[in-house]
Amino acid sequence: MSGPGNRAQWASNLGFLLAAAGSAVGLGNIWKFPGKAYEGGGGAFILIYIAIIALVGATVMLAEFIIGRATQKNAVGAFCQLRPAWKWVGGMGIFTGFIILCYYSHVGGWVLYYLCGYLTDAAAISADPTAYFYRMLGVGSGFPWGGAVLFPLLFAALTVFVVVKGVAGGIERLNKVAMPLLFLLLILLMVRAVTLPGAMDGLRYMLQPDFSLLTWNDVLVALGQAFFSLSLGMGIMCTYGSYLSREENLGRNVGIICTLDTLVAVLAGFTVIPAVFATLSASGVGKGAGFVFTAMPGVFQAMPGGVFWAILFYLLLFFAALTSSISLLEGTVAYLTEQRGFSRKRASLVLGVILFGIGLIYTLSQGHADIHGIWLDKNGISYPIFGDMLEFLTDRLLLPLGGLLFCIFVGWVWGTKNGIAEVRQGGRFRFPLAGLWSLLVRFVAPAAIACILIAGIVFGVTLS
Ligand code: PHE
C-alpha cells in the first residue's frame, strides 16, 4: 500500500506494532538477556532493567518515532529536512545498523545451521555440543562451508527477499505471522522449562532480587542491553515510524512495543535459566553466542524429548533473528532508495552481497587465526579480533552515541515543543506524560547514555 506521494506505508497499526516489536525482539532478548540477568543477580537485574526501559528506552524510542513520522523520511532524509547540518547523525545511524547487520545475519545463519542439524542429525550435536560448534566455525577442521557460507547465505537471501517485497507486502506480512508464532513458541518452551524437575531453583533465582550481586557495572550493562534490545540509536525506529500514518497514537505504540520487548526478554530468562539449573546446574549458565550454541544443546540432551524442544527453540531464535535483520536492512534500503535514487530491489541486492562478504570475515575470524593475523590472548582464551572490533565499534560506541545525539536533537535543537505537537496531532491524541518526557529526553536520557559511553571508553567496562 502506498501513502501520500507514493511513499510506502504500513497497511495497519497492528502491522506496524508487530514489525517494530519484531525489530526489537531478537537474538538480544533470547541469548543475551538471560545470561546477563543471571550474572546481575537475577531479579535485581530485571528490576533495574525494567526501570531503564521505562525511563530511558521508551524516551529515546518516542524521540525516534517522532522524527520519522514528522518528516515521513528515512534517517538521513529526516535530519536533512529538519536541520541539514545534522544529517551526518542519520548517516552514522545507518552505517551502524548496517555493520550490526553484517554479523547479526551470520549469527542468524548459525541458527539455521543448528535448526537443520536438529532436523537431520540430532545425534551429531548431542554427541559433543562444543565440538559441533567449533566444527561449524571451522576451528581445527577444513573450510566451514556450511557455517560460514551456505547457511548465512540462505539467511541473508531470506532477509533480502522480504525487504524486496516492500514495507506492507514483505516486512509487515512476515511479522504478522512470525511474531504471534514466536510468542506461542516461547510460552510452550517456558512451560516445559519450569516444569522440569529442579527448575524451581532457577526460577526462584530469577524472581528473588539479590541486590548484593548487582554491581555498578551491571547497571551499565543493563543500559547497553536496553539500547540494543529496543533497536535504538541508529534511526531504525525513525524509519519504521516514518511509514506510520498520522492517524496513529505514537505514545501508546511506544508503550506497547517496549512492554512486548521486555516481556519476551524476561520470559526468555524464565525459560533458559530454569532449564539450565534443572539439567546442567547453575554453573552451566554462560553468556554470548557460544551459550546458545554450546550450553543449550546440553540442556536439550538432558531433557526428555529434547530434540523436539530443540527444534522449537531454534525456530524461535530464527524468527527472532529474521524479523530483526530485516529491520536492519530496511534502514539502509530506505536511505538508498529515497536519497540515492536506487530501486528497492537493487538496493537490497547490492547490500545483501556486501553484508554477506563482511559477515563472512566475521564468521571466519571466529575460528581462523590466519584471516585476521593474530589472536588476542586474554587469560588463556583467544578472542577473534575482527568480530570483537565490529561489536565494540557498534554496541559500545556508535549505538549509544547515536541515541545520545537523537536525544540532544529532539530535546535541544529541534525542540520538545515540536515533538509534543507531533504526538498530539492538533489535539487528536492526549499525551499526559508530555512534561515528564521533555524532562527525560533533555536531561535524564542524555546523562544516562553519556555514562555508558564514558564507562565503556574510559574504564573499559564490558557492556556486551
Ligand atoms: N533489537 C534486536 C535484538 O534484540 C537487535 C537489533 C539491534 C535490531 C539494532 C535492529 C537494530 O536482537
# chains A, B, ... in the order shown; residues from 1 in each chain; ligands from 1
call {"tool": "closest_atom_pairs", "arguments": {"of": "chain A", "to": "ligand 1", "cutoff": "9 Å", "atoms": "only C-alpha atoms and all ligand atoms", "output": "tab-separated table"}}
result
residue	atom	partner	partner_atom_place_in_ligand_line	distance
A:Ala21	CA	ligand 1	1 (N)	8.7
A:Gly22	CA	ligand 1	1 (N)	8.2
A:Ser23	CA	ligand 1	8 (C)	5.1
A:Ala24	CA	ligand 1	1 (N)	3.8
A:Val25	CA	ligand 1	4 (O)	5.0
A:Gly26	CA	ligand 1	12 (O)	3.2
A:Leu27	CA	ligand 1	12 (O)	3.9
A:Gly28	CA	ligand 1	4 (O)	3.5
A:Asn29	CA	ligand 1	4 (O)	5.0
A:Ile30	CA	ligand 1	4 (O)	7.9
A:Trp31	CA	ligand 1	12 (O)	8.8
A:Lys32	CA	ligand 1	4 (O)	8.2
A:Phe33	CA	ligand 1	4 (O)	8.8
A:Thr96	CA	ligand 1	9 (C)	8.6
A:Gly97	CA	ligand 1	11 (C)	6.0
A:Phe98	CA	ligand 1	11 (C)	9.0
A:Ile100	CA	ligand 1	9 (C)	7.0
A:Leu101	CA	ligand 1	10 (C)	7.9
A:Tyr104	CA	ligand 1	5 (C)	7.9
A:Gln225	CA	ligand 1	4 (O)	8.2
A:Ala226	CA	ligand 1	4 (O)	8.5
A:Phe227	CA	ligand 1	1 (N)	7.9
A:Phe228	CA	ligand 1	7 (C)	4.9
A:Ser229	CA	ligand 1	4 (O)	3.6
A:Leu230	CA	ligand 1	1 (N)	4.9
A:Ser231	CA	ligand 1	9 (C)	3.7
A:Leu232	CA	ligand 1	9 (C)	6.3
A:Gly233	CA	ligand 1	9 (C)	8.0
A:Met234	CA	ligand 1	11 (C)	7.2
A:Gly235	CA	ligand 1	11 (C)	8.7
A:Ile236	CA	ligand 1	11 (C)	6.4
A:Met237	CA	ligand 1	11 (C)	8.3
A:Asp261	CA	ligand 1	4 (O)	8.2
A:Ala265	CA	ligand 1	4 (O)	8.7
A:Ala320	CA	ligand 1	12 (O)	7.3
A:Ala321	CA	ligand 1	12 (O)	6.6
A:Thr323	CA	ligand 1	8 (C)	8.3
A:Ser324	CA	ligand 1	8 (C)	4.5
A:Ser325	CA	ligand 1	8 (C)	6.2
A:Ile326	CA	ligand 1	10 (C)	8.2
A:Ser327	CA	ligand 1	10 (C)	5.8
A:Leu328	CA	ligand 1	10 (C)	5.0
A:Leu329	CA	ligand 1	10 (C)	8.8
A:Gly331	CA	ligand 1	11 (C)	8.9
A:Asp395	CA	ligand 1	7 (C)	8.9
A:Leu399	CA	ligand 1	9 (C)	8.4
call {"tool": "residues_around", "arguments": {"residues": "A:Leu397", "least_positions_apart": "3", "cutoff": "12 Å", "atoms": "only C-alpha atoms", "output": "count of residues only"}}
result
34
call {"tool": "atom_distance", "arguments": {"atom1": "atom CA of A:Gly40", "atom2": "atom CA of A:Leu207"}}
result
12.4 Å
call {"tool": "closest_residue", "arguments": {"among": "A:Thr271, A:Asn418, A:Asn253, A:Thr239", "to": "A:Val76", "atoms": "only C-alpha atoms"}}
result
A:Thr239
call {"tool": "closest_residue", "arguments": {"among": "A:Leu439, A:Ala434, A:Leu186, A:Ala20", "to": "A:Glu422", "atoms": "only C-alpha atoms"}}
result
A:Ala434
call {"tool": "residues_around", "arguments": {"residues": "stretch 339-354 of chain A", "least_positions_apart": "4", "cutoff": "6 Å", "atoms": "only C-alpha atoms", "output": "count of residues only"}}
result
4
call {"tool": "closest_atom_pairs", "arguments": {"of": "stretch 222-331 of chain A", "to": "stretch 123-143 of chain A", "cutoff": "10 Å", "atoms": "only C-alpha atoms", "output": "Markdown table"}}
result
| residue | atom | partner | partner_atom | distance |
| --- | --- | --- | --- | --- |
| A:Gly290 | CA | A:Phe133 | CA | 8.0 |
| A:Phe291 | CA | A:Thr130 | CA | 9.9 |
| A:Phe293 | CA | A:Phe133 | CA | 6.4 |
| A:Thr294 | CA | A:Thr130 | CA | 5.2 |
| A:Ala295 | CA | A:Pro129 | CA | 7.5 |
| A:Met296 | CA | A:Pro129 | CA | 8.7 |
| A:Pro297 | CA | A:Pro129 | CA | 6.1 |
| A:Gly298 | CA | A:Pro129 | CA | 6.8 |
| A:Val299 | CA | A:Ser126 | CA | 9.7 |
| A:Phe300 | CA | A:Ser126 | CA | 8.3 |
| A:Gln301 | CA | A:Ser126 | CA | 6.1 |
| A:Ala302 | CA | A:Ser126 | CA | 9.5 |
| A:Gly306 | CA | A:Ser126 | CA | 9.8 |
| A:Val307 | CA | A:Ala123 | CA | 9.1 |
call {"tool": "closest_residue", "arguments": {"among": "A:Ala70, A:Leu223, A:Leu260, A:Ala268", "to": "A:Val56", "atoms": "only C-alpha atoms"}}
result
A:Leu223
call {"tool": "atom_distance", "arguments": {"atom1": "atom CA of A:Val194", "atom2": "atom CA of A:Pro274"}}
result
6.1 Å
call {"tool": "closest_residue", "arguments": {"among": "A:Leu158, A:Ile273, A:Leu355, A:Val191", "to": "A:Tyr38", "atoms": "only C-alpha atoms"}}
result
A:Ile273
call {"tool": "closest_residue", "arguments": {"among": "A:Ile48, A:Val162, A:Ile171, A:Ala278", "to": "A:Gly198", "atoms": "only C-alpha atoms"}}
result
A:Ala278
call {"tool": "closest_residue", "arguments": {"among": "A:Ala51, A:Met179, A:Ala8, A:Cys80", "to": "A:Gly166", "atoms": "only C-alpha atoms"}}
result
A:Ala8
call {"tool": "residues_around", "arguments": {"residues": "A:Glu338", "least_positions_apart": "4", "cutoff": "8 Å", "atoms": "only C-alpha atoms", "output": "list in words"}}
result
Lys73, Asn74, Gly77, Ala334 and Phe342 of chain A
call {"tool": "atom_distance", "arguments": {"atom1": "atom CA of A:Arg192", "atom2": "atom CA of A:Ile257"}}
result
26.1 Å
call {"tool": "select_by_dssp", "arguments": {"residues": "stretch 67-304 of chain A", "states": "alpha helix (DSSP H)", "output": "PyMOL selection string"}}
result
chain A and resi 67-71+75-82+87-127+129-137+151-164+173-194+199-207+216-229+236-242+250-280+289-290+296-301
call {"tool": "residues_around", "arguments": {"residues": "A:Gly108", "least_positions_apart": "4", "cutoff": "8 Å", "atoms": "only C-alpha atoms", "output": "ChimeraX atom specification"}}
result
/A:104,112,152,155,318,321-322
call {"tool": "write_last_selection", "arguments": {"atoms": "all heavy atoms", "output": "PDB file, in the first residue's frame"}}
result
ATOM      1  N   TYR A 104      25.116  -9.846  12.545  1.00  0.00           N
ATOM      2  CA  TYR A 104      23.844 -10.374  13.038  1.00  0.00           C
ATOM      3  C   TYR A 104      23.289 -11.430  12.073  1.00  0.00           C
ATOM      4  O   TYR A 104      22.809 -12.479  12.481  1.00  0.00           O
ATOM      5  CB  TYR A 104      22.872  -9.207  13.161  1.00  0.00           C
ATOM      6  CG  TYR A 104      21.701  -9.418  14.080  1.00  0.00           C
ATOM      7  CD1 TYR A 104      21.811  -9.122  15.438  1.00  0.00           C
ATOM      8  CD2 TYR A 104      20.488  -9.887  13.606  1.00  0.00           C
ATOM      9  CE1 TYR A 104      20.746  -9.291  16.283  1.00  0.00           C
ATOM     10  CE2 TYR A 104      19.411 -10.056  14.451  1.00  0.00           C
ATOM     11  CZ  TYR A 104      19.540  -9.751  15.790  1.00  0.00           C
ATOM     12  OH  TYR A 104      18.478  -9.917  16.633  1.00  0.00           O
ATOM     13  N   LEU A 112      20.153 -21.167  11.696  1.00  0.00           N
ATOM     14  CA  LEU A 112      19.605 -22.066  10.668  1.00  0.00           C
ATOM     15  C   LEU A 112      20.397 -23.368  10.601  1.00  0.00           C
ATOM     16  O   LEU A 112      19.844 -24.448  10.411  1.00  0.00           O
ATOM     17  CB  LEU A 112      19.676 -21.387   9.299  1.00  0.00           C
ATOM     18  CG  LEU A 112      18.506 -20.508   8.884  1.00  0.00           C
ATOM     19  CD1 LEU A 112      18.733 -19.969   7.483  1.00  0.00           C
ATOM     20  CD2 LEU A 112      17.201 -21.305   8.924  1.00  0.00           C
ATOM     21  N   PRO A 152      24.586 -18.895   6.304  1.00  0.00           N
ATOM     22  CA  PRO A 152      24.495 -17.428   6.343  1.00  0.00           C
ATOM     23  C   PRO A 152      23.992 -16.841   5.022  1.00  0.00           C
ATOM     24  O   PRO A 152      23.253 -15.857   5.011  1.00  0.00           O
ATOM     25  CB  PRO A 152      25.938 -16.995   6.632  1.00  0.00           C
ATOM     26  CG  PRO A 152      26.517 -18.143   7.388  1.00  0.00           C
ATOM     27  CD  PRO A 152      25.913 -19.359   6.758  1.00  0.00           C
ATOM     28  N   PHE A 155      20.312 -17.260   5.000  1.00  0.00           N
ATOM     29  CA  PHE A 155      19.683 -16.292   5.904  1.00  0.00           C
ATOM     30  C   PHE A 155      19.682 -14.898   5.273  1.00  0.00           C
ATOM     31  O   PHE A 155      18.672 -14.188   5.305  1.00  0.00           O
ATOM     32  CB  PHE A 155      20.414 -16.268   7.252  1.00  0.00           C
ATOM     33  CG  PHE A 155      19.673 -15.497   8.299  1.00  0.00           C
ATOM     34  CD1 PHE A 155      18.701 -16.100   9.087  1.00  0.00           C
ATOM     35  CD2 PHE A 155      19.927 -14.148   8.498  1.00  0.00           C
ATOM     36  CE1 PHE A 155      17.989 -15.383  10.041  1.00  0.00           C
ATOM     37  CE2 PHE A 155      19.233 -13.415   9.454  1.00  0.00           C
ATOM     38  CZ  PHE A 155      18.266 -14.040  10.214  1.00  0.00           C
ATOM     39  N   PHE A 318      15.233 -18.321  15.204  1.00  0.00           N
ATOM     40  CA  PHE A 318      15.244 -17.980  13.786  1.00  0.00           C
ATOM     41  C   PHE A 318      14.259 -16.847  13.487  1.00  0.00           C
ATOM     42  O   PHE A 318      14.601 -15.858  12.845  1.00  0.00           O
ATOM     43  CB  PHE A 318      14.925 -19.232  12.957  1.00  0.00           C
ATOM     44  CG  PHE A 318      14.614 -18.941  11.524  1.00  0.00           C
ATOM     45  CD1 PHE A 318      15.592 -18.431  10.681  1.00  0.00           C
ATOM     46  CD2 PHE A 318      13.337 -19.155  11.013  1.00  0.00           C
ATOM     47  CE1 PHE A 318      15.302 -18.133   9.348  1.00  0.00           C
ATOM     48  CE2 PHE A 318      13.040 -18.862   9.689  1.00  0.00           C
ATOM     49  CZ  PHE A 318      14.028 -18.341   8.862  1.00  0.00           C
ATOM     50  N   ALA A 321      15.551 -13.607  14.979  1.00  0.00           N
ATOM     51  CA  ALA A 321      16.681 -13.036  14.243  1.00  0.00           C
ATOM     52  C   ALA A 321      16.236 -12.467  12.895  1.00  0.00           C
ATOM     53  O   ALA A 321      16.676 -11.386  12.496  1.00  0.00           O
ATOM     54  CB  ALA A 321      17.751 -14.107  14.027  1.00  0.00           C
ATOM     55  N   LEU A 322      15.333 -13.166  12.212  1.00  0.00           N
ATOM     56  CA  LEU A 322      14.935 -12.715  10.872  1.00  0.00           C
ATOM     57  C   LEU A 322      14.176 -11.383  10.933  1.00  0.00           C
ATOM     58  O   LEU A 322      14.453 -10.469  10.159  1.00  0.00           O
ATOM     59  CB  LEU A 322      14.069 -13.795  10.196  1.00  0.00           C
ATOM     60  CG  LEU A 322      13.686 -13.488   8.754  1.00  0.00           C
ATOM     61  CD1 LEU A 322      14.924 -13.414   7.855  1.00  0.00           C
ATOM     62  CD2 LEU A 322      12.715 -14.527   8.194  1.00  0.00           C
TER      63      LEU A 322
END
call {"tool": "residues_around", "arguments": {"residues": "stretch 308-313 of chain A", "least_positions_apart": "2", "cutoff": "7 Å", "atoms": "only C-alpha atoms", "output": "ChimeraX atom specification"}}
result
/A:115,118,185,300,305-306,315-317
call {"tool": "write_last_selection", "arguments": {"atoms": "N, CA and C atoms", "output": "PDB file, in the first residue's frame"}}
result
ATOM      1  N   LEU A 115      19.230 -25.452  13.345  1.00  0.00           N
ATOM      2  CA  LEU A 115      17.867 -25.914  13.082  1.00  0.00           C
ATOM      3  C   LEU A 115      17.926 -27.113  12.139  1.00  0.00           C
ATOM      4  N   TYR A 118      19.426 -30.220  13.888  1.00  0.00           N
ATOM      5  CA  TYR A 118      18.497 -30.981  14.725  1.00  0.00           C
ATOM      6  C   TYR A 118      17.472 -31.734  13.893  1.00  0.00           C
ATOM      7  N   LEU A 185       5.692 -20.089  20.643  1.00  0.00           N
ATOM      8  CA  LEU A 185       6.839 -20.973  20.893  1.00  0.00           C
ATOM      9  C   LEU A 185       7.464 -20.670  22.250  1.00  0.00           C
ATOM     10  N   PHE A 300      19.094 -29.646  26.097  1.00  0.00           N
ATOM     11  CA  PHE A 300      18.120 -30.468  25.360  1.00  0.00           C
ATOM     12  C   PHE A 300      18.439 -31.958  25.458  1.00  0.00           C
ATOM     13  N   GLY A 305      12.533 -35.944  25.336  1.00  0.00           N
ATOM     14  CA  GLY A 305      12.027 -35.348  24.077  1.00  0.00           C
ATOM     15  C   GLY A 305      12.836 -34.142  23.655  1.00  0.00           C
ATOM     16  N   GLY A 306      14.111 -34.149  24.015  1.00  0.00           N
ATOM     17  CA  GLY A 306      14.947 -32.965  23.807  1.00  0.00           C
ATOM     18  C   GLY A 306      15.020 -32.473  22.366  1.00  0.00           C
ATOM     19  N   LEU A 315      13.834 -22.628  16.175  1.00  0.00           N
ATOM     20  CA  LEU A 315      12.833 -21.974  15.327  1.00  0.00           C
ATOM     21  C   LEU A 315      12.490 -20.601  15.921  1.00  0.00           C
ATOM     22  N   LEU A 316      12.363 -20.583  17.234  1.00  0.00           N
ATOM     23  CA  LEU A 316      12.099 -19.315  17.934  1.00  0.00           C
ATOM     24  C   LEU A 316      13.218 -18.309  17.671  1.00  0.00           C
ATOM     25  N   LEU A 317      14.439 -18.777  17.812  1.00  0.00           N
ATOM     26  CA  LEU A 317      15.590 -17.900  17.559  1.00  0.00           C
ATOM     27  C   LEU A 317      15.611 -17.426  16.117  1.00  0.00           C
TER      28      LEU A 317
END
